[in-house]
$ cat data_6.csv   # CSV, C-alpha atoms and all ligand atoms
chain,number,residue,atom,x,y,z
A,284,MET,CA,18.5,-16.1,8.5
A,285,LEU,CA,17.6,-15.7,4.8
A,286,VAL,CA,14.0,-15.0,3.9
A,287,LEU,CA,12.5,-15.2,0.4
A,288,GLY,CA,9.5,-12.9,0.1
A,289,ILE,CA,6.9,-13.4,-2.6
A,290,GLU,CA,4.1,-10.9,-3.4
A,291,THR,CA,1.4,-11.2,-6.2
A,292,SER,CA,-1.7,-9.7,-4.6
A,293,CYS,CA,-2.6,-7.2,-7.4
A,294,ASP,CA,-0.6,-6.2,-10.4
A,295,GLU,CA,3.0,-6.4,-9.3
A,296,THR,CA,4.9,-9.7,-9.5
A,297,ALA,CA,7.6,-9.4,-6.8
A,298,ALA,CA,10.3,-11.4,-5.0
A,299,ALA,CA,12.9,-10.2,-2.5
A,300,ILE,CA,15.7,-11.7,-0.3
A,301,PHE,CA,16.0,-10.3,3.2
A,302,ARG,CA,18.8,-11.3,5.6
A,303,ASP,CA,18.8,-11.4,9.4
A,304,GLY,CA,16.0,-8.7,9.7
A,305,THR,CA,18.4,-6.0,8.5
A,306,ASP,CA,19.8,-6.5,5.0
A,307,LEU,CA,17.7,-6.3,1.9
A,308,LEU,CA,19.8,-8.3,-0.7
A,309,SER,CA,17.4,-8.0,-3.6
A,310,ASN,CA,14.0,-6.5,-4.4
A,311,VAL,CA,12.7,-7.4,-7.8
A,312,ILE,CA,9.4,-5.9,-9.0
A,313,SER,CA,7.8,-6.6,-12.4
A,314,ASP,CA,4.8,-4.3,-13.0
A,315,GLN,CA,1.9,-4.9,-15.4
A,316,ILE,CA,1.3,-1.3,-16.5
A,317,ALA,CA,1.6,-2.3,-20.2
A,318,VAL,CA,-1.0,-5.1,-19.7
A,319,HIS,CA,-3.7,-3.0,-18.0
A,320,SER,CA,-3.2,0.6,-19.1
A,321,LYS,CA,-5.4,0.4,-22.2
A,322,TYR,CA,-8.3,-0.6,-19.9
A,323,GLY,CA,-7.7,2.2,-17.4
A,324,GLY,CA,-7.5,-0.2,-14.4
A,325,VAL,CA,-6.5,-3.8,-13.4
A,326,VAL,CA,-8.2,-6.6,-15.2
A,327,PRO,CA,-8.1,-9.5,-12.8
A,328,GLU,CA,-7.9,-12.4,-15.3
A,329,LEU,CA,-5.1,-10.6,-17.2
A,330,ALA,CA,-3.3,-9.9,-13.9
A,331,GLY,CA,-3.3,-13.6,-13.0
A,332,ARG,CA,-2.0,-14.7,-16.4
A,333,ALA,CA,0.8,-12.0,-16.3
A,334,HIS,CA,1.9,-13.3,-12.8
A,335,ILE,CA,2.1,-16.8,-14.2
A,336,GLU,CA,4.3,-15.6,-17.0
A,337,GLN,CA,6.6,-13.6,-14.7
A,338,ILE,CA,6.8,-15.3,-11.3
A,339,HIS,CA,9.5,-17.9,-12.0
A,340,GLN,CA,11.9,-15.4,-13.6
A,341,VAL,CA,11.2,-12.8,-10.9
A,342,ILE,CA,12.1,-15.3,-8.1
A,343,GLN,CA,15.2,-16.4,-10.1
A,344,GLN,CA,16.4,-12.8,-10.5
A,345,ALA,CA,15.9,-12.1,-6.8
A,346,LEU,CA,18.1,-15.1,-5.9
A,347,GLU,CA,20.7,-14.1,-8.5
A,348,GLN,CA,20.9,-10.5,-7.5
A,349,ALA,CA,21.2,-11.5,-3.8
A,350,GLY,CA,24.0,-14.0,-4.8
A,351,VAL,CA,22.2,-16.9,-3.0
A,352,LYS,CA,20.7,-20.3,-4.0
A,353,LEU,CA,17.3,-21.5,-3.2
A,354,SER,CA,18.8,-24.1,-0.9
A,355,ASP,CA,20.3,-21.3,1.2
A,356,ILE,CA,16.8,-19.9,2.0
A,357,ASP,CA,15.6,-20.5,5.6
A,358,LEU,CA,12.0,-19.2,5.3
A,359,ILE,CA,9.5,-18.4,2.5
A,360,SER,CA,7.2,-15.5,3.3
A,361,VAL,CA,4.2,-15.1,1.0
A,362,THR,CA,1.1,-12.9,0.7
A,363,ARG,CA,-2.1,-14.8,1.4
A,364,GLY,CA,-4.5,-11.9,1.0
A,365,PRO,CA,-6.3,-9.6,0.7
A,366,GLY,CA,-6.2,-9.0,-3.1
A,367,LEU,CA,-7.4,-10.4,-6.4
A,368,MET,CA,-7.9,-14.1,-6.2
A,369,ALA,CA,-6.4,-14.8,-9.7
A,370,SER,CA,-3.3,-12.9,-8.6
A,371,LEU,CA,-2.9,-14.2,-5.1
A,372,LEU,CA,-3.2,-17.8,-6.2
A,373,VAL,CA,-0.1,-17.6,-8.4
A,374,GLY,CA,2.3,-16.4,-5.7
A,375,LEU,CA,0.8,-18.6,-3.0
A,376,ASN,CA,0.8,-21.7,-5.1
A,377,VAL,CA,4.4,-21.2,-6.2
A,378,ALA,CA,5.4,-20.6,-2.6
A,379,LYS,CA,3.6,-23.8,-1.5
A,380,GLY,CA,5.2,-25.8,-4.3
A,381,ILE,CA,8.7,-24.6,-3.4
A,382,SER,CA,8.1,-25.2,0.3
A,383,TYR,CA,6.7,-28.7,-0.3
A,384,ALA,CA,9.4,-29.8,-2.6
A,385,SER,CA,12.3,-28.2,-0.7
A,386,GLY,CA,11.1,-28.6,2.9
A,387,ILE,CA,11.8,-24.8,3.5
A,388,PRO,CA,9.2,-23.6,6.1
A,389,MET,CA,6.7,-21.1,4.9
A,390,ILE,CA,4.8,-18.3,6.6
A,391,ALA,CA,1.7,-16.6,5.2
A,392,VAL,CA,1.5,-12.8,5.6
A,393,ASN,CA,-1.4,-10.4,5.3
A,394,HIS,CA,-0.6,-7.9,2.6
A,395,LEU,CA,-1.6,-5.0,4.9
A,396,GLU,CA,0.7,-6.4,7.6
A,397,GLY,CA,3.4,-6.0,4.9
A,398,HIS,CA,2.6,-2.4,4.4
A,399,LEU,CA,2.3,-1.7,8.2
A,400,LEU,CA,5.7,-3.2,8.9
A,401,ALA,CA,7.6,-1.9,5.7
A,402,ILE,CA,9.2,0.8,7.8
A,403,PHE,CA,11.4,-2.0,9.5
A,404,LEU,CA,13.2,-2.3,6.1
A,405,GLN,CA,14.8,1.1,7.0
A,406,GLU,CA,14.9,1.3,10.7
A,407,ASN,CA,14.3,-0.5,14.0
A,408,LEU,CA,11.3,1.6,15.0
A,409,GLU,CA,10.2,1.5,18.6
A,410,LEU,CA,6.7,0.0,19.2
A,411,PRO,CA,3.9,1.0,19.6
A,412,TYR,CA,3.0,3.3,16.8
A,413,LEU,CA,0.1,4.7,14.8
A,414,ALA,CA,0.0,3.6,11.2
A,415,LEU,CA,-2.0,5.1,8.3
A,416,GLY,CA,-2.2,2.5,5.5
A,417,VAL,CA,-3.2,4.3,2.3
A,418,SER,CA,-3.3,2.2,-0.9
A,419,GLY,CA,-5.5,1.3,-3.9
A,420,GLY,CA,-7.6,-1.0,-1.8
A,421,HIS,CA,-7.4,0.4,1.7
A,422,THR,CA,-7.4,3.6,3.8
A,423,ASP,CA,-7.0,2.3,7.3
A,424,LEU,CA,-5.7,3.7,10.7
A,425,TYR,CA,-4.1,1.1,12.9
A,426,HIS,CA,-2.7,1.0,16.4
A,427,VAL,CA,0.4,-1.3,16.0
A,428,SER,CA,1.4,-2.7,19.4
A,429,GLY,CA,3.7,-5.4,18.2
A,430,PHE,CA,4.4,-7.8,15.4
A,431,GLY,CA,1.1,-9.6,14.7
A,432,ASP,CA,-0.7,-7.2,17.1
A,433,TYR,CA,-2.8,-4.6,15.3
A,434,LYS,CA,-6.0,-2.8,16.2
A,435,LEU,CA,-8.1,-1.2,13.5
A,436,LEU,CA,-9.1,2.4,14.6
A,437,GLY,CA,-10.8,3.6,11.4
A,438,ARG,CA,-11.2,2.8,7.7
A,439,SER,CA,-12.7,4.1,4.5
A,440,ARG,CA,-16.5,3.4,4.3
A,441,ASP,CA,-16.4,3.6,0.5
A,442,ASP,CA,-13.5,4.2,-1.9
A,443,ALA,CA,-9.9,3.9,-0.8
A,444,ALA,CA,-7.8,7.0,-1.3
A,445,GLY,CA,-5.7,5.4,-4.0
A,446,GLU,CA,-8.9,4.2,-5.8
A,447,ALA,CA,-10.1,7.9,-5.8
A,448,PHE,CA,-6.7,9.0,-7.3
A,449,ASP,CA,-7.0,6.3,-10.0
A,450,LYS,CA,-10.7,7.2,-10.8
A,451,VAL,CA,-10.0,10.9,-11.0
A,452,ALA,CA,-7.1,10.3,-13.4
A,453,LYS,CA,-9.4,8.1,-15.5
A,454,MET,CA,-12.0,10.9,-15.6
A,455,LEU,CA,-9.4,13.3,-16.8
A,456,GLY,CA,-8.1,10.7,-19.4
A,457,LEU,CA,-4.6,10.7,-17.8
A,458,GLY,CA,-3.9,7.0,-17.8
A,459,TYR,CA,-3.2,4.3,-15.2
A,460,PRO,CA,-2.1,4.0,-12.5
A,461,GLY,CA,-3.5,7.4,-11.7
A,462,GLY,CA,-1.9,8.3,-8.4
A,463,PRO,CA,1.6,9.1,-9.6
A,464,ILE,CA,0.3,11.0,-12.7
A,465,ILE,CA,-2.1,13.2,-10.5
A,466,ASP,CA,0.8,13.7,-8.1
A,467,LYS,CA,3.1,15.1,-10.9
A,468,MET,CA,0.3,17.2,-12.4
A,469,ALA,CA,-0.8,18.6,-9.0
A,470,GLN,CA,2.7,20.2,-8.7
A,471,LYS,CA,1.9,22.5,-11.6
A,472,GLY,CA,-1.7,23.4,-10.4
A,473,ASP,CA,-3.3,25.6,-7.7
A,474,PRO,CA,-4.6,23.6,-4.8
A,475,LYS,CA,-7.0,26.4,-3.9
A,476,ALA,CA,-8.5,26.7,-7.3
A,477,ILE,CA,-11.5,24.5,-6.6
A,478,ALA,CA,-13.1,24.0,-3.1
A,479,PHE,CA,-13.8,20.2,-3.3
A,480,PRO,CA,-15.7,18.8,-0.4
A,481,ARG,CA,-14.0,17.1,2.6
A,482,ALA,CA,-16.0,14.3,4.4
A,483,TRP,CA,-15.4,14.6,8.1
A,484,LEU,CA,-18.2,12.2,9.1
A,485,GLU,CA,-19.5,12.2,12.7
A,486,LYS,CA,-17.6,14.1,15.4
A,487,GLY,CA,-14.6,12.0,16.6
A,488,SER,CA,-14.9,9.4,13.9
A,489,LEU,CA,-11.7,8.0,12.5
A,490,ASP,CA,-13.4,6.6,9.4
A,491,PHE,CA,-12.9,8.1,5.9
A,492,SER,CA,-15.1,8.6,2.9
A,493,PHE,CA,-13.8,9.6,-0.6
A,494,SER,CA,-16.8,8.8,-2.8
A,495,GLY,CA,-18.4,12.3,-2.4
A,496,LEU,CA,-15.1,13.9,-3.4
A,497,LYS,CA,-14.8,11.6,-6.4
A,498,THR,CA,-18.4,12.4,-7.5
A,499,SER,CA,-17.8,16.1,-7.1
A,500,VAL,CA,-14.8,15.9,-9.5
A,501,ARG,CA,-16.9,14.0,-11.9
A,502,TYR,CA,-19.6,16.7,-12.0
A,503,LEU,CA,-16.9,19.4,-12.5
A,504,VAL,CA,-15.3,17.5,-15.4
A,505,ASP,CA,-18.8,16.9,-17.0
A,506,LYS,CA,-19.5,20.6,-16.7
A,507,ARG,CA,-16.2,21.5,-18.2
A,508,ARG,CA,-17.0,19.2,-21.2
A,509,ARG,CA,-20.2,21.2,-21.6
A,510,GLY,CA,-18.2,24.5,-21.5
A,511,ILE,CA,-19.6,25.6,-18.1
A,512,ASN,CA,-16.2,26.0,-16.6
A,513,LYS,CA,-12.6,26.1,-17.9
A,514,HIS,CA,-10.6,24.6,-15.0
A,515,SER,CA,-7.3,23.1,-16.1
A,516,ASP,CA,-6.3,19.5,-15.5
A,517,GLU,CA,-3.5,20.8,-13.3
A,518,ASP,CA,-5.9,22.8,-11.0
A,519,ILE,CA,-8.3,19.9,-10.8
A,520,ALA,CA,-5.4,17.5,-9.8
A,521,ALA,CA,-4.0,19.9,-7.3
A,522,SER,CA,-7.4,20.8,-5.7
A,523,PHE,CA,-8.4,17.1,-5.6
A,524,GLN,CA,-5.1,16.1,-4.0
A,525,ALA,CA,-5.3,18.9,-1.5
A,526,ALA,CA,-8.7,17.7,-0.4
A,527,VAL,CA,-7.5,14.1,0.1
A,528,VAL,CA,-4.3,15.2,1.9
A,529,GLU,CA,-6.3,17.5,4.3
A,530,VAL,CA,-8.6,14.7,5.4
A,531,LEU,CA,-5.8,12.2,5.8
A,532,VAL,CA,-3.7,14.7,7.9
A,533,LYS,CA,-6.6,15.8,10.1
A,534,LYS,CA,-7.9,12.3,10.8
A,535,LEU,CA,-4.4,11.2,11.6
A,536,LEU,CA,-4.0,14.1,14.1
A,537,LEU,CA,-7.3,13.1,15.7
A,538,ALA,CA,-6.2,9.5,16.0
A,539,LYS,CA,-3.0,10.6,17.6
A,540,GLU,CA,-4.9,12.7,20.1
A,541,GLN,CA,-7.3,9.8,20.9
A,542,THR,CA,-4.6,7.2,21.3
A,543,GLY,CA,-1.8,9.3,22.7
A,544,LEU,CA,0.6,7.4,20.4
A,545,GLU,CA,3.9,9.3,19.8
A,546,ARG,CA,5.2,7.7,16.6
A,547,VAL,CA,3.4,7.8,13.3
A,548,VAL,CA,4.0,5.7,10.2
A,549,ILE,CA,2.5,6.5,6.8
A,550,THR,CA,2.5,3.6,4.4
A,551,GLY,CA,1.0,2.0,1.3
A,552,GLY,CA,1.0,3.2,-2.3
A,553,VAL,CA,-0.5,6.6,-1.7
A,554,ALA,CA,2.2,7.3,1.0
A,555,ALA,CA,4.5,7.8,-2.1
A,556,ASN,CA,2.5,11.0,-2.8
A,557,SER,CA,4.6,14.1,-2.5
A,558,GLY,CA,1.7,16.3,-1.3
A,559,LEU,CA,0.9,13.8,1.4
A,560,ARG,CA,4.5,13.5,2.5
A,561,THR,CA,4.8,17.3,2.7
A,562,GLY,CA,1.5,17.7,4.5
A,563,MET,CA,2.2,15.1,7.1
A,564,GLN,CA,5.8,16.4,7.6
A,565,ASN,CA,4.4,19.9,8.2
A,566,ALA,CA,1.8,18.6,10.7
A,567,ALA,CA,4.5,16.6,12.5
A,568,THR,CA,6.7,19.7,12.8
A,569,GLN,CA,3.9,21.9,14.0
A,570,ASN,CA,2.6,19.3,16.5
A,571,LYS,CA,6.1,18.2,17.6
A,572,PHE,CA,5.9,14.5,16.7
A,573,GLN,CA,7.9,12.2,14.5
A,574,VAL,CA,6.5,10.8,11.3
A,575,TYR,CA,8.1,8.0,9.4
A,576,PHE,CA,7.7,7.1,5.7
A,577,PRO,CA,9.0,4.0,4.0
A,578,GLU,CA,10.9,5.0,0.9
A,579,PRO,CA,8.6,5.3,-2.1
A,580,ILE,CA,9.7,1.9,-3.5
A,581,PHE,CA,8.7,0.3,-0.2
A,582,CYS,CA,5.3,2.2,-0.2
A,583,THR,CA,3.9,0.7,-3.4
A,584,ASP,CA,3.5,-3.1,-3.6
A,585,ASN,CA,6.8,-5.0,-3.2
A,586,ALA,CA,8.0,-8.3,-1.8
A,587,ALA,CA,10.7,-6.8,0.5
A,588,MET,CA,7.9,-5.7,2.9
A,589,ILE,CA,6.4,-9.2,2.8
A,590,ALA,CA,9.8,-10.8,3.6
A,591,CYS,CA,10.3,-8.2,6.4
A,592,ALA,CA,6.9,-8.8,7.9
A,593,GLY,CA,7.4,-12.6,7.6
A,594,TYR,CA,10.8,-12.4,9.3
A,595,HIS,CA,9.5,-10.4,12.3
A,596,CYS,CA,6.3,-12.4,12.8
A,597,PHE,CA,8.3,-15.6,12.6
A,598,LYS,CA,10.8,-14.4,15.2
A,599,LYS,CA,8.0,-13.4,17.5
A,600,GLU,CA,5.7,-16.4,16.9
A,601,PRO,CA,7.5,-19.3,15.2
A,602,GLY,CA,4.1,-21.2,15.4
A,603,ARG,CA,2.9,-19.0,12.6
A,604,VAL,CA,4.7,-21.3,10.1
A,605,THR,CA,2.1,-23.1,8.2
A,606,SER,CA,1.8,-26.5,6.5
A,607,PRO,CA,2.0,-25.6,2.8
A,608,LEU,CA,-0.7,-28.1,1.8
A,609,ASP,CA,-3.7,-26.7,3.6
A,610,LEU,CA,-3.2,-23.0,3.0
A,611,ASP,CA,-5.8,-21.1,0.8
A,612,ALA,CA,-5.7,-17.6,-0.6
A,613,LYS,CA,-8.1,-15.1,0.9
A,614,ALA,CA,-9.4,-12.3,-1.4
A,615,SER,CA,-10.9,-10.7,1.7
A,616,PHE,CA,-8.6,-11.0,4.7
A,617,PRO,CA,-9.1,-8.7,7.7
A,618,LEU,CA,-6.0,-8.1,9.7
B,1,LIG,O1,0.0,-0.3,-2.1
B,1,LIG,P1,-0.3,-0.3,-3.5
B,1,LIG,O2,0.9,-0.4,-4.5
B,1,LIG,O3,-1.3,-1.4,-3.9
B,1,LIG,C1,-2.4,-1.7,-3.2
B,1,LIG,O4,-2.2,-2.5,-2.2
B,1,LIG,O5,-3.4,-1.2,-3.5
B,1,LIG,O6,-1.1,1.1,-3.9
B,1,LIG,C2,-1.4,1.4,-5.2
B,1,LIG,C3,-2.2,2.7,-5.1
B,1,LIG,C4,-2.8,3.1,-6.5
B,1,LIG,O7,-4.1,3.5,-6.3
B,1,LIG,C5,-1.9,4.2,-6.9
B,1,LIG,O8,-2.5,5.1,-7.8
B,1,LIG,C6,-1.5,4.8,-5.6
B,1,LIG,O9,-1.3,3.8,-4.7
B,1,LIG,N1,-0.3,5.6,-5.7
B,1,LIG,C7,-0.2,7.0,-5.5
B,1,LIG,C8,1.1,7.4,-5.8
B,1,LIG,N2,1.8,6.3,-6.1
B,1,LIG,C9,1.0,5.2,-6.0
B,1,LIG,N3,-1.2,7.8,-5.2
B,1,LIG,C10,-0.9,9.1,-5.1
B,1,LIG,N4,0.4,9.6,-5.3
B,1,LIG,C11,1.4,8.8,-5.7
B,1,LIG,N5,2.6,9.3,-5.9
B,2,ZN,ZN,-0.5,-2.8,-1.3

$ encode --input "data_6.csv" --output "structure tokens" --more "lines below"
Ligand code: KG4
Ligand code: ZN
Amino acid sequence: MLVLGIETSCDETAAAIFRDGTDLLSNVISDQIAVHSKYGGVVPELAGRAHIEQIHQVIQQALEQAGVKLSDIDLISVTRGPGLMASLLVGLNVAKGISYASGIPMIAVNHLEGHLLAIFLQENLELPYLALGVSGGHTDLYHVSGFGDYKLLGRSRDDAAGEAFDKVAKMLGLGYPGGPIIDKMAQKGDPKAIAFPRAWLEKGSLDFSFSGLKTSVRYLVDKRRRGINKHSDEDIAASFQAAVVEVLVKKLLLAKEQTGLERVVITGGVAANSGLRTGMQNAATQNKFQVYFPEPIFCTDNAAMIACAGYHCFKKEPGRVTSPLDLDAKASFPL
């Protein structure tokens, strides 16, 4: 069974071909860093236009690299939401057009579902598991019981972890996207240099909050500008990252304790962070459980995870195939 995955929820135009639930034949990702970097963040209208320019060639490349033709495809899996409306509409409408013209069935996937199931691109993980989805738009803890069966346990009440990384990078004038830049810079700094606050919220809560941490970095950077402190960018990056990682690790351990789940998956763009990977791995070793990370290329936005999620959800529930004509994009789309 050949699945064509299409993803355009934010600023990556992506298409992938996934065979029989095991073989990833191609995974093409066209980013828009050059379009948005001078604004320090994603500009929705420009993102939509860039997707329109890229989408056809990205799909064509995915087919060519996989050595297959469009007529060989058995299922189209596309992101319906959540995301930027101008971006989502491009991938969804192209998928609808192809499906309508060719008769290939289509399945709509939630972008977060793609992140939660990305680990199946690498291994046939046993269900259930606890998943921490950390990206630019979300910081969520889920109990994953099966394909299409997810229970939200906790979420960020304000900024997502990735958003905090991007905003801190912007405050330091480091560029966009900020996460990977802070990650690299943190490796040269002292994580104990500055004691940034950690928001634990009420006892037992699995929710997150990163806006206080972000504001605290802003005050420190303002004071540095006025000559009140001399902290280096490296120490700020390392101390900020340490604060985020500590909260994510401790909340995950609490969720593990509350649910009794044995397997843990860390996924989404921030799961590519080297400090988070090391912190979670150490916690897993100390507490004797197994933690799984998708490879960094499957953590950040990609269409392979959308093809993978579409494949597994279709196998479990063929009724999820939708009529291409009456499917709309959803900017806000709870799982
Ligand atoms: O999953 P993703 O590609 O898109 C969304 O669904 O949001 O996540 C993007 C987010 C951005 O905020 C980006 O800065 C962050 O993931 N990110 C990282 C790293 N790589 C990407 N954050 C920290 N460290 C990284 N290495
Ligand atoms: Zn994402």

$ residues_around --input "data_6.csv" --residues "Ile335 (chain A)" --least-positions-apart "5" --cutoff "12 Å" --atoms "only C-alpha atoms" --output "PyMOL selection string"
chain A and resi 291+294-297+313+315+328-330+340-342+369-377

$ residues_around --input "data_6.csv" --residues "Gly324 (chain A)" --least-positions-apart "5" --cutoff "8 Å" --atoms "only C-alpha atoms" --output "list in words"
His319, Asp449, Tyr459 and Pro460 of chain A

$ closest_residue --input "data_6.csv" --among "A:Gly304, A:Gly429, A:Gly543, A:Gly364" --to "ligand ZN 2 (chain B)" --atoms "all atoms listed in the file"
A:Gly364

$ residues_near_ligand --input "data_6.csv" --ligand "ligand LIG 1 (chain B)" --cutoff "9 Å" --atoms "all atoms listed in the file" --output "PyMOL selection string"
chain A and resi 292-295+365-366+394-395+398+416-421+443-450+452+459-467+524+550-559+579+581-585

$ atom_distance --input "data_6.csv" --atom1 "CA of Ala586 (chain A)" --atom2 "CA of Ala538 (chain A)"
28.9 Å

$ closest_residue --input "data_6.csv" --among "A:Asp303, A:Asp423, A:Glu409, A:Glu485" --to "ligand ZN 2 (chain B)" --atoms "all atoms listed in the file"
A:Asp423

$ closest_residue --input "data_6.csv" --among "A:Ile300, A:His595, A:Met588, A:Phe430" --to "ligand ZN 2 (chain B)" --atoms "only C-alpha atoms and all ligand atoms"
A:Met588

$ residues_near_point --input "data_6.csv" --point "(-7.2, 16.2, 7.1)" --cutoff "12 Å" --atoms "all atoms listed in the file" --output "PDB file with C-alpha atoms, in the frame of the given file"
ATOM      1  CA  PRO A 480     -15.700  18.800  -0.400  1.00  0.00           C
ATOM      2  CA  ARG A 481     -14.000  17.100   2.600  1.00  0.00           C
ATOM      3  CA  ALA A 482     -16.000  14.300   4.400  1.00  0.00           C
ATOM      4  CA  TRP A 483     -15.400  14.600   8.100  1.00  0.00           C
ATOM      5  CA  LEU A 484     -18.200  12.200   9.100  1.00  0.00           C
ATOM      6  CA  LEU A 489     -11.700   8.000  12.500  1.00  0.00           C
ATOM      7  CA  ASP A 490     -13.400   6.600   9.400  1.00  0.00           C
ATOM      8  CA  PHE A 491     -12.900   8.100   5.900  1.00  0.00           C
ATOM      9  CA  SER A 492     -15.100   8.600   2.900  1.00  0.00           C
ATOM     10  CA  GLN A 524      -5.100  16.100  -4.000  1.00  0.00           C
ATOM     11  CA  ALA A 525      -5.300  18.900  -1.500  1.00  0.00           C
ATOM     12  CA  ALA A 526      -8.700  17.700  -0.400  1.00  0.00           C
ATOM     13  CA  VAL A 527      -7.500  14.100   0.100  1.00  0.00           C
ATOM     14  CA  VAL A 528      -4.300  15.200   1.900  1.00  0.00           C
ATOM     15  CA  GLU A 529      -6.300  17.500   4.300  1.00  0.00           C
ATOM     16  CA  VAL A 530      -8.600  14.700   5.400  1.00  0.00           C
ATOM     17  CA  LEU A 531      -5.800  12.200   5.800  1.00  0.00           C
ATOM     18  CA  VAL A 532      -3.700  14.700   7.900  1.00  0.00           C
ATOM     19  CA  LYS A 533      -6.600  15.800  10.100  1.00  0.00           C
ATOM     20  CA  LYS A 534      -7.900  12.300  10.800  1.00  0.00           C
ATOM     21  CA  LEU A 535      -4.400  11.200  11.600  1.00  0.00           C
ATOM     22  CA  LEU A 536      -4.000  14.100  14.100  1.00  0.00           C
ATOM     23  CA  LEU A 537      -7.300  13.100  15.700  1.00  0.00           C
ATOM     24  CA  ALA A 538      -6.200   9.500  16.000  1.00  0.00           C
ATOM     25  CA  LEU A 559       0.900  13.800   1.400  1.00  0.00           C
ATOM     26  CA  GLY A 562       1.500  17.700   4.500  1.00  0.00           C
ATOM     27  CA  MET A 563       2.200  15.100   7.100  1.00  0.00           C
ATOM     28  CA  ALA A 566       1.800  18.600  10.700  1.00  0.00           C
TER      29      ALA A 566
END

$ closest_residue --input "data_6.csv" --among "A:Pro474, A:Gly458, A:Gly495, A:Gly386" --to "Leu608 (chain A)" --atoms "all atoms listed in the file"
A:Gly386

$ closest_residue --input "data_6.csv" --among "A:Leu285, A:Leu455, A:Val574, A:Leu367" --to "Ile387 (chain A)" --atoms "only C-alpha atoms"
A:Leu285

$ closest_residue --input "data_6.csv" --among "A:Ile519, A:Leu544, A:Leu400, A:Val604" --to "ligand ZN 2 (chain B)" --atoms "all atoms listed in the file"
A:Leu400

$ atom_distance --input "data_6.csv" --atom1 "CA of Arg363 (chain A)" --atom2 "CA of Ala378 (chain A)"
10.3 Å

$ atom_distance --input "data_6.csv" --atom1 "CA of Ser385 (chain A)" --atom2 "CA of Arg332 (chain A)"
25.2 Å

$ residues_around --input "data_6.csv" --residues "Ile356 (chain A)" --least-positions-apart "6" --cutoff "12 Å" --atoms "only C-alpha atoms" --output "list in words"
Met284, Leu285, Val286, Leu287, Gly288, Ala299, Ile300, Phe301, Arg302, Asp303, Ala345, Leu346, Ala349, Gly350, Ile381, Ser382, Ser385, Gly386, Ile387, Pro388, Met389 and Ala590 of chain A

$ decode --input "data_6.csv" --residues "region 568-578 of chain A" --atoms "N, CA, C and O atoms" --output "PDB file, in the first residue's frame"
ATOM      1  N   THR A 568      17.088   6.553  32.324  1.00  0.00           N
ATOM      2  CA  THR A 568      18.065   5.601  32.873  1.00  0.00           C
ATOM      3  C   THR A 568      17.908   5.523  34.396  1.00  0.00           C
ATOM      4  O   THR A 568      17.845   4.421  34.964  1.00  0.00           O
ATOM      5  N   GLN A 569      17.815   6.688  35.038  1.00  0.00           N
ATOM      6  CA  GLN A 569      17.693   6.714  36.507  1.00  0.00           C
ATOM      7  C   GLN A 569      16.415   6.051  36.989  1.00  0.00           C
ATOM      8  O   GLN A 569      16.385   5.388  38.017  1.00  0.00           O
ATOM      9  N   ASN A 570      15.326   6.243  36.233  1.00  0.00           N
ATOM     10  CA  ASN A 570      14.024   5.725  36.671  1.00  0.00           C
ATOM     11  C   ASN A 570      13.645   4.414  35.985  1.00  0.00           C
ATOM     12  O   ASN A 570      12.503   3.961  36.079  1.00  0.00           O
ATOM     13  N   LYS A 571      14.605   3.872  35.244  1.00  0.00           N
ATOM     14  CA  LYS A 571      14.450   2.552  34.610  1.00  0.00           C
ATOM     15  C   LYS A 571      13.205   2.433  33.725  1.00  0.00           C
ATOM     16  O   LYS A 571      12.354   1.582  33.920  1.00  0.00           O
ATOM     17  N   PHE A 572      13.081   3.371  32.775  1.00  0.00           N
ATOM     18  CA  PHE A 572      12.045   3.196  31.752  1.00  0.00           C
ATOM     19  C   PHE A 572      12.644   3.529  30.397  1.00  0.00           C
ATOM     20  O   PHE A 572      13.779   4.009  30.314  1.00  0.00           O
ATOM     21  N   GLN A 573      11.889   3.245  29.360  1.00  0.00           N
ATOM     22  CA  GLN A 573      12.409   3.441  28.017  1.00  0.00           C
ATOM     23  C   GLN A 573      11.825   4.695  27.401  1.00  0.00           C
ATOM     24  O   GLN A 573      10.609   4.916  27.454  1.00  0.00           O
ATOM     25  N   VAL A 574      12.690   5.536  26.848  1.00  0.00           N
ATOM     26  CA  VAL A 574      12.218   6.739  26.180  1.00  0.00           C
ATOM     27  C   VAL A 574      12.571   6.637  24.697  1.00  0.00           C
ATOM     28  O   VAL A 574      13.653   6.175  24.340  1.00  0.00           O
ATOM     29  N   TYR A 575      11.621   7.013  23.865  1.00  0.00           N
ATOM     30  CA  TYR A 575      11.804   6.915  22.409  1.00  0.00           C
ATOM     31  C   TYR A 575      11.730   8.313  21.805  1.00  0.00           C
ATOM     32  O   TYR A 575      10.832   9.093  22.137  1.00  0.00           O
ATOM     33  N   PHE A 576      12.668   8.603  20.918  1.00  0.00           N
ATOM     34  CA  PHE A 576      12.662   9.870  20.192  1.00  0.00           C
ATOM     35  C   PHE A 576      12.632   9.582  18.704  1.00  0.00           C
ATOM     36  O   PHE A 576      13.470   8.825  18.218  1.00  0.00           O
ATOM     37  N   PRO A 577      11.727  10.237  17.963  1.00  0.00           N
ATOM     38  CA  PRO A 577      11.889  10.168  16.510  1.00  0.00           C
ATOM     39  C   PRO A 577      13.230  10.839  16.149  1.00  0.00           C
ATOM     40  O   PRO A 577      13.706  11.712  16.883  1.00  0.00           O
ATOM     41  N   GLU A 578      13.839  10.433  15.041  1.00  0.00           N
ATOM     42  CA  GLU A 578      15.060  11.117  14.574  1.00  0.00           C
ATOM     43  C   GLU A 578      14.728  12.597  14.412  1.00  0.00           C
ATOM     44  O   GLU A 578      13.584  12.929  14.078  1.00  0.00           O
TER      45      GLU A 578
END
